[in-house]
Structure formats: C-alpha cells, structure tokens
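Data first, discussion second: the structure below is written as structure tokens.
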Amino acid sequence: MQSTIQNTDIKIKETLLTPRFYTTDFEEMAKLDISLNIEEFEALLQEFRADYNKKHFIRDEEFNKSWHKLDNKTKILFIEFLERSCTAEFSGFLLYKELSRRLTTTNPVLAECFLLMSRDEARHAGFLNKAIGDFNISLDLGFLTKSRKYTFFSPKFIFYATYLSEKIGYWRYITIYRHLEKHPEHRIYPIFKFFENWCQDENRHGDFFAALLKSQPQFLNNLESRLWCKFFLISVFATMYLNDFQRSDFYKSIGLDARQYDMQVIRKTNESASRIFPIALDIDKPEFFQYLDICASENKKLIEINKKTNKTFVDLTQIAKISSVIIVNIIKLYLMKPIESLSLNSTIK
C-alpha cells in the first residue's frame, strides 16, 4: 500500500471536517491575567511536570506482528483513522509549542503548561506515526507543517474549541478502550491497549483549558458567551457525528455501532462541558439526533457527488440542494433551547 501523503506533489484536500491547524493572537494571549485562578494552574503544572505517561508509550512485541491478516477494506479504514488521529495530535503540538515560545517572558506559568502539553501531543503523534509505519506508510509531519493552511481563532475561541476537543478526545478513547476491554476479540491492533492512560493526557489538557476559561469569567458569564458556547458544542458534536457516519465500517470492524458510540460520547462530553459552560445542549430531545442523522445522511450524498471529476449542471444543483438541507438542520440544532448547566448538573449521577 502507498500513502498519498508521502507524495509532496499531491495537494492534501481539506474540507470542513478535516483536522485543522490553528493559530491565534499571541499578543492577546501574552496579556492574559490568570491571577483569579492561579492556584489551579500551579496544581495543574505539578501534574504536567509529573509526566505520568513518560514510560507508557513504549511499543511491545505485539507490534512486531504482521498485519496482512486484516482484510484490505479494514486496513484502509484503520490507516485513515491513524492518519486523522496523528494529524489532530500534531496540530495540537504545533499550537501549544508556539504558545509556549511566545509566552515564556510574559507568563511563565502558562508557557510551561503549554510546553508540557506540547510534549504530550508530540508523544501521541509520534506513537501514531510509528503505528502507521507498521503498514509501510509514512506520514510526513514536516511536510504537513508547511503545506497545511492555518485557521485563525481568537484566544477565547481557542479556549472553547480546544477544551471541547480535548474532552471529547477523552471520551472517545476511554469508550473504545472499555468496549475492547470487554470484547478483546475486536482489538484488531495493539494501539488500543494504550488508550486508557493516553486519554488521561487528554483529560488533563481539557482541565487546563477549563482553568483558563474560569480565569476569564467574561468568556462564560454573559449572553454572548452563552451563544458561543452553544455554537462550539454543536460544531464539535456535528463534526464528529458526520465524520463517524462516513466511517461506520471502521467502527463495525472493532465491534461498535458508530451511531450508538457517538451518542454516548456526545452525552458524556455534554455533561463534562456543563461543569464549565453556562449552558448544555438538550440532547434528550428526539429532534437533536434526528437533525444530526439528516445532516449525516445528506453529507454522505454530498461526498459521493464530489467524487466525480466532471460535475454536470444537475450535480451542481444537487450540491446546492443538499448543502442547504444540512445548513437548515444545523440552524435547527442551534435554535433548540439549551439547558442551564446548574439544572443539568443536578441530574448527573
């Protein structure tokens, strides 16, 4: 098998659902006052320094086995999973590393936290890239650094999005780990055994961004912040849902139903976010997942049409029609009345 990512002559196609690379306003970040929550940052810094997973990401003899026994379809889906995961982890490394470099003189506590989180993300990306190598493929991370477009997010948007990204990453990893712990016959590759400790890194990173948000109450305590929190919750959940709907065969290969898996991850992430965000989504309303199902089904149609090299007028009309259906249902999701976080927390066991 060959990796198109090895070939620097091939432009990497990016879509709204592709893992993205981010940049931000570093001057604004340098001016952040975290004194309101400094004790929590110092406690988090001690955890980062402890580096609980320093000796965790060590490949054992099971990685030396040949994976030719996997059928070709499963192998392709699994390689795609590894590549997307590696890209996302490497994206986090680049952002955190640059933030650490820019904040060293102005905010040493934040700078060291970002430095140690970048260490974690680099470790994750490297471990995933070695796994990709087991399939005779190499993901050129240096090339990705230069070739990818960087999306600008203001610091508060970085906080919202990255907090949710880290927390949803935790629930994705731990849910897969617990499932495969009960059903080891579906563990098609040894990397899944590492997910329990791995996801604790994601959880600590999420706690760090929660601390950042708490240190900046203006990002949580007004109408504007409530609207943005709802926007990012829907964006993160919809992106995952649409991505996983496309890749339901991958989840089937490890014994999971993609829809049920996503519903569980969304529920748990929504509960986690409610401890920081002023609102949570009302995911118990039947319409919530109905709207997501419509978006996922329409998005799959869109993908099939976009595979055509020469699109006809009918194809373009269909693209416009399908896109409008997706947009309308995303708007419906946004217009659903949220739940006050205090109300939700009182019902969480």
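In the structure tokens, the first chain shown is A, the next is B, and so on; residue numbers restart at 1 for each chain, and ligands run from 1 in the order shown.
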With 12 Å as the cut-off and only C-alpha atoms counted, what is the closest atom pair between each nearby residue of region 235-308 of chain A and region 54-72 of chain A? Distances in Å to one decimal, ordered by chain and number, as CSV.
residue,atom,partner,partner_atom,distance
A:Phe250,CA,A:Asp71,CA,11.8
A:Ser253,CA,A:Leu70,CA,10.0
A:Ile254,CA,A:Leu70,CA,11.9
May I have the residues from that selection written out with N, CA, C and O atoms, as an mmCIF file, in the first residue's frame?
data_model
loop_
_atom_site.group_PDB
_atom_site.id
_atom_site.type_symbol
_atom_site.label_atom_id
_atom_site.label_comp_id
_atom_site.auth_asym_id
_atom_site.auth_seq_id
_atom_site.Cartn_x
_atom_site.Cartn_y
_atom_site.Cartn_z
ATOM 1 N N PHE A 250 -15.498 1.274 9.858
ATOM 2 C CA PHE A 250 -14.344 1.169 10.764
ATOM 3 C C PHE A 250 -14.805 0.762 12.154
ATOM 4 O O PHE A 250 -14.235 -0.141 12.787
ATOM 5 N N SER A 253 -15.743 -2.740 12.424
ATOM 6 C CA SER A 253 -14.605 -3.662 12.463
ATOM 7 C C SER A 253 -14.078 -3.871 13.880
ATOM 8 O O SER A 253 -13.416 -4.877 14.155
ATOM 9 N N ILE A 254 -14.351 -2.922 14.794
ATOM 10 C CA ILE A 254 -13.939 -3.109 16.190
ATOM 11 C C ILE A 254 -15.152 -3.391 17.085
ATOM 12 O O ILE A 254 -15.082 -3.234 18.309
#
Discussion item. Need to verify the contact set: region 181-184 of chain A, 12 Å, only C-alpha atoms, exclusion of same-chain residues closer than 3 positions in sequence. Can you return it as a PyMOL selection string?
Written reply: chain A and resi 174-178+187-190+192-196+254-256
Item to complete: as a ChimeraX atom specification, list the residues of region 44-216 of chain A assigned to alpha helix (DSSP H) by DSSP on the backbone atoms of this structure.
Response: /A:44-50,72-103,108-133,141-147,155-182,195-215
Practice prompt. Record the distance separating CA of Ser324 (chain A) and CA of Ile305 (chain A), expressed in Å with one decimal.
Written response: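 Pair CA of Ser324 (chain A) / CA of Ile305 (chain A) returns 15.0 Å.
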Discussion item. Which residue is closest to Asp51 (chain A)? Choose from A:Lys307, A:Arg204, A:Lys146, A:Arg84 and count only C-alpha atoms.
Written reply: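 Ranking A:Lys307, A:Arg204, A:Lys146, A:Arg84 by distance to Asp51 (chain A), first place goes to A:Arg204.
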Fill in: Selected residue, from A:Phe313, A:Ala211, A:Phe237, A:Lys230, that lies nearest to Ile38 (chain A) when counting only C-alpha atoms
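Under the stated criterion, the closest residue is A:Ala211.
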Item to complete: Show which residues sit within 10 Å of Glu98 (chain A), as a PyMOL selection string. Count only C-alpha atoms, and ignore same-chain residues fewer than 4 positions away.
Response: chain A and resi 23-24+26+93-94+102-103+111+114-115+118
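Among the candidates A:Arg101, A:Lys268, A:Lys301, A:Arg247, the one nearest to Ser323 (chain A) when counting only C-alpha atoms is A:Lys301.
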Item to complete: Return the single residue from A:Phe277, A:Tyr173, A:Phe289, A:Phe90 that is closest to Trp228 (chain A), with distances computed using only C-alpha atoms.
Response: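 Ranked by minimum distance to Trp228 (chain A), first place goes to A:Phe277.
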Item to complete: Write out as a PyMOL selection string which residues come within 7 Å of region 156-162 of chain A when counting only C-alpha atoms, dropping same-chain ones fewer than 6 positions away.
Response: chain A and resi 209+213+219+229+232
Worksheet item: Quick one: of A:Tyr170, A:Tyr241, A:Phe208, A:Phe231, who's nearest to Met336 (chain A), counting only C-alpha atoms?
Response: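 Using only C-alpha atoms, the shortest distance to Met336 (chain A) belongs to A:Phe231.
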Worksheet entry | Nearby residues (only C-alpha atoms) at most 8 Å from Arg20 (chain A), same-chain spacing under 3 positions excluded, as an MDAnalysis selection string | chainID A and resid 88 91 149:151
Discussion item. Neighbouring residues of Asn270 (chain A) were defined as those with any atom within 12 Å, considering only C-alpha atoms; residues of the same chain fewer than 3 positions away were excluded. Please report them as a PyMOL selection string.
Written reply: chain A and resi 163-165+167-168+171+229-230+232-234+236-237+262-267+273-284+338-341+344-345+348
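Between CA of Glu304 (chain A) and CA of Gln290 (chain A) the interatomic distance comes to 21.7 Å.
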